[in-house]
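Q: Just passing along the structure, written as structure tokens.
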Amino acid sequence: NTETLVQRLLSDDYTDKVIVTTIQKLGLALDANHRQPYRQWLKPLRDKRMVFIFDECHRSQFGENHRAIRECFPNAQLFGFTGTPIFPENATYRTIEGEAARMVTTADIFGKQLHAYTITHAIDDGNVLRFHVDYFKGGGAPIRPGEALAKQAVVEAILARHDRASNRRRFNALLATASIDDAI
């Protein structure tokens with residue numbers, strides 16, 4: 001629970017120095033309006049050097065929670081792991097700084113990228129399976145992309161090959177489309 005988290009943060013016991021918790025518990029501990037004065041209790045840690053490591057940081061570090069961590073622990077080092085970083089072209093969160101609104105990226109929150117481990121690296125290292133891609137090119141008269149007839153031909157090709165391609169449905173598959181409507 002959140003109280004245990006706060007107690008471990010304040011502890012002098014070396015076994016309490018690495019804490020794994022959820023962003024929700026940390027958020028409660030830093031909430032100035034929480035019924036328990038956790039944030040007050042954490043004040044002795046304000047000037048300590050701390051490290052926060054966030055998994056899936058593209059989801060958890062773009063709002064009030066991140067601001068509270070920065071305020072409560074100004075000397076903390078923050079490291080974020082993500083497989084889907086927020087770049088300028090896919091940024092949607094707006095922050096107000098003074099009077100100007102702007103899009104915020106993962107680099108804005110965490111600074112310079114320390115390391116990139118891509119899917120290509122993971123495949124080469126044997127940590128994930130390689131991709132097998134089947135391309136479908138419809139036969140007969142040319143069909144323009146997006147036409148209902150082309151979509152129907154793709155669906156029929158997938159259904160005709162599915163059992164064979166998935167070893168009688170023992171393996172999963174991924175269908176990539178240009179839009180959510182196409183997938184539906």
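Ordered as shown in the structure tokens, chains take letters A, B, and onward, while each chain numbers its residues from 1 and ligands are numbered from 1 in the order shown.
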Write out as JSON, numbers by chain all residues of region 19-89 of chain A that backbone DSSP assigns to strand (DSSP E).

A: {"A": [51, 52, 53, 54, 55, 77, 78, 79, 80, 81]}

Q: Which neighbours of Val6 (chain A) fall inside 12 Å, counting only C-alpha atoms, when residues of the same chain fewer than 2 positions from it are skipped, and could you give them as a ChimeraX atom specification?

A: /A:1-4,8-11,16-17,19,21,25-30,36-45

Q: Store the residues of this selection in a file with C-alpha atoms, as a short mmCIF file (atom, residue, chain, number, x, y, z; two decimals), in the first residue's frame.

A:
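Printed below is result04.cif as written:
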```cif
data_model
loop_
_atom_site.label_atom_id
_atom_site.label_comp_id
_atom_site.auth_asym_id
_atom_site.auth_seq_id
_atom_site.Cartn_x
_atom_site.Cartn_y
_atom_site.Cartn_z
CA ASN A 1 0.00 0.00 0.00
CA THR A 2 1.03 3.67 -0.23
CA GLU A 3 1.92 3.94 3.47
CA THR A 4 4.38 1.04 3.14
CA ARG A 8 10.36 2.28 2.84
CA LEU A 9 11.35 5.54 1.15
CA LEU A 10 12.07 7.07 4.56
CA SER A 11 13.84 3.98 5.93
CA ASP A 16 14.65 -0.69 1.47
CA LYS A 17 16.79 1.23 -0.99
CA ILE A 19 11.69 -0.05 -4.27
CA THR A 21 6.04 0.20 -7.00
CA LYS A 25 0.97 4.38 -5.43
CA LEU A 26 3.68 6.93 -6.08
CA GLY A 27 1.04 9.33 -7.36
CA LEU A 28 -0.97 8.93 -4.15
CA ALA A 29 2.15 9.46 -2.03
CA LEU A 30 2.85 12.74 -3.84
CA GLN A 36 -2.78 11.14 4.60
CA PRO A 37 0.06 13.70 4.65
CA TYR A 38 2.44 11.44 2.68
CA ARG A 39 3.91 14.33 0.74
CA GLN A 40 4.78 16.12 4.00
CA TRP A 41 6.39 12.97 5.36
CA LEU A 42 8.57 12.73 2.25
CA LYS A 43 10.03 16.25 2.66
CA PRO A 44 13.28 14.94 4.28
CA LEU A 45 14.02 13.23 0.96
#
```

Q: For each of A:Val20, A:Leu78, A:Val154, A:Ile123, take the minimum atom-to-atom distance to Thr106 (chain A), counting only C-alpha atoms, then give the residue where this is smallest.

A: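 Smallest separation from Thr106 (chain A) among the options: A:Leu78.
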
Q: If you measure from CA of Val18 (chain A) to CA of Asn33 (chain A), what distance in Å do you get, rounded to one decimal?

A: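 We find that CA of Val18 (chain A) and CA of Asn33 (chain A) lie 26.5 Å from each other.
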
Q: Between A:His58, A:Arg161, A:His121, A:His132, which one has atoms that come closest to Phe79 (chain A), using only C-alpha atoms?

A: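 Comparing A:His58, A:Arg161, A:His121, A:His132 against Phe79 (chain A), the winner is A:His58.
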
Q: Per DSSP on the backbone, filter region 1-154 of chain A down to the residues in alpha helix (DSSP H) and report them as an mmCIF file with C-alpha atoms, in the first residue's frame.

A:
```cif
data_model
loop_
_atom_site.group_PDB
_atom_site.id
_atom_site.type_symbol
_atom_site.label_atom_id
_atom_site.label_comp_id
_atom_site.auth_asym_id
_atom_site.auth_seq_id
_atom_site.Cartn_x
_atom_site.Cartn_y
_atom_site.Cartn_z
ATOM 1 C CA THR A 2 1.035 3.666 -0.226
ATOM 2 C CA GLU A 3 1.923 3.939 3.471
ATOM 3 C CA THR A 4 4.381 1.037 3.144
ATOM 4 C CA LEU A 5 5.913 2.739 0.117
ATOM 5 C CA VAL A 6 6.433 5.954 2.087
ATOM 6 C CA GLN A 7 7.863 4.064 5.081
ATOM 7 C CA ARG A 8 10.362 2.279 2.841
ATOM 8 C CA LEU A 9 11.353 5.539 1.153
ATOM 9 C CA LEU A 10 12.074 7.068 4.560
ATOM 10 C CA ILE A 23 2.923 4.779 -10.626
ATOM 11 C CA GLN A 24 -0.490 4.925 -8.930
ATOM 12 C CA LYS A 25 0.967 4.379 -5.433
ATOM 13 C CA LEU A 26 3.684 6.929 -6.077
ATOM 14 C CA GLY A 27 1.039 9.327 -7.362
ATOM 15 C CA LEU A 28 -0.971 8.925 -4.145
ATOM 16 C CA ALA A 29 2.146 9.463 -2.028
ATOM 17 C CA LEU A 30 2.855 12.739 -3.845
ATOM 18 C CA TYR A 38 2.444 11.438 2.676
ATOM 19 C CA ARG A 39 3.908 14.330 0.738
ATOM 20 C CA GLN A 40 4.775 16.115 4.001
ATOM 21 C CA TRP A 41 6.385 12.969 5.359
ATOM 22 C CA CYS A 57 7.172 5.986 -19.660
ATOM 23 C CA HIS A 58 5.279 7.246 -22.710
ATOM 24 C CA ARG A 59 2.070 6.561 -20.780
ATOM 25 C CA SER A 60 2.923 7.585 -17.236
ATOM 26 C CA GLU A 64 0.555 15.972 -13.061
ATOM 27 C CA ASN A 65 2.283 12.889 -11.708
ATOM 28 C CA HIS A 66 5.515 13.790 -13.472
ATOM 29 C CA ARG A 67 5.264 17.381 -12.281
ATOM 30 C CA ALA A 68 4.775 16.168 -8.672
ATOM 31 C CA ILE A 69 7.847 13.901 -8.879
ATOM 32 C CA ARG A 70 9.957 16.797 -10.181
ATOM 33 C CA GLU A 71 8.679 19.132 -7.457
ATOM 34 C CA CYS A 72 9.102 16.667 -4.584
ATOM 35 C CA THR A 106 9.575 11.792 -24.643
ATOM 36 C CA ALA A 107 12.821 13.736 -25.206
ATOM 37 C CA ASP A 108 11.227 16.825 -23.589
ATOM 38 C CA ILE A 109 10.507 14.800 -20.455
ATOM 39 C CA PHE A 110 13.651 12.650 -20.229
ATOM 40 C CA ILE A 119 13.081 -4.828 -32.620
ATOM 41 C CA THR A 120 15.895 -5.611 -35.057
ATOM 42 C CA HIS A 121 18.321 -5.955 -32.134
ATOM 43 C CA ALA A 122 15.847 -8.149 -30.250
ATOM 44 C CA ILE A 123 15.416 -10.424 -33.278
ATOM 45 C CA ASP A 124 19.198 -10.644 -33.788
ATOM 46 C CA ASP A 125 19.684 -11.443 -30.079
ATOM 47 C CA ALA A 148 -14.513 -2.303 -51.079
ATOM 48 C CA LEU A 149 -13.709 -4.982 -53.647
ATOM 49 C CA ALA A 150 -9.968 -4.827 -52.799
ATOM 50 C CA LYS A 151 -10.704 -5.081 -49.087
ATOM 51 C CA GLN A 152 -12.976 -8.061 -49.649
ATOM 52 C CA ALA A 153 -10.272 -9.796 -51.732
ATOM 53 C CA VAL A 154 -7.722 -9.309 -48.939
#
```

Q: From the options A:Arg102, A:Val155, A:Phe62, A:Met50, which residue's atoms come nearest to Pro74 (chain A), counting only C-alpha atoms?

A: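 When distances to Pro74 (chain A) are compared using only C-alpha atoms, the smallest one comes from A:Met50.
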
Q: Rounded to one decimal place, report the CA of Gly111 (chain A)-CA of Gly80 (chain A) distance in Å.

A: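 CA of Gly111 (chain A) sits 9.8 Å away from CA of Gly80 (chain A).
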
Q: As a ChimeraX atom specification, please: the residues near Phe87 (chain A) (cut-off 8 Å, only C-alpha atoms, same-chain neighbours under 2 positions excluded).

A: /A:85,89-91,105-107

Q: Between CA of Thr118 (chain A) and CA of Gly83 (chain A), what is the spacing in Å?

A: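 Calculated distance between CA of Gly83 (chain A) and CA of Thr118 (chain A) is 8.1 Å.
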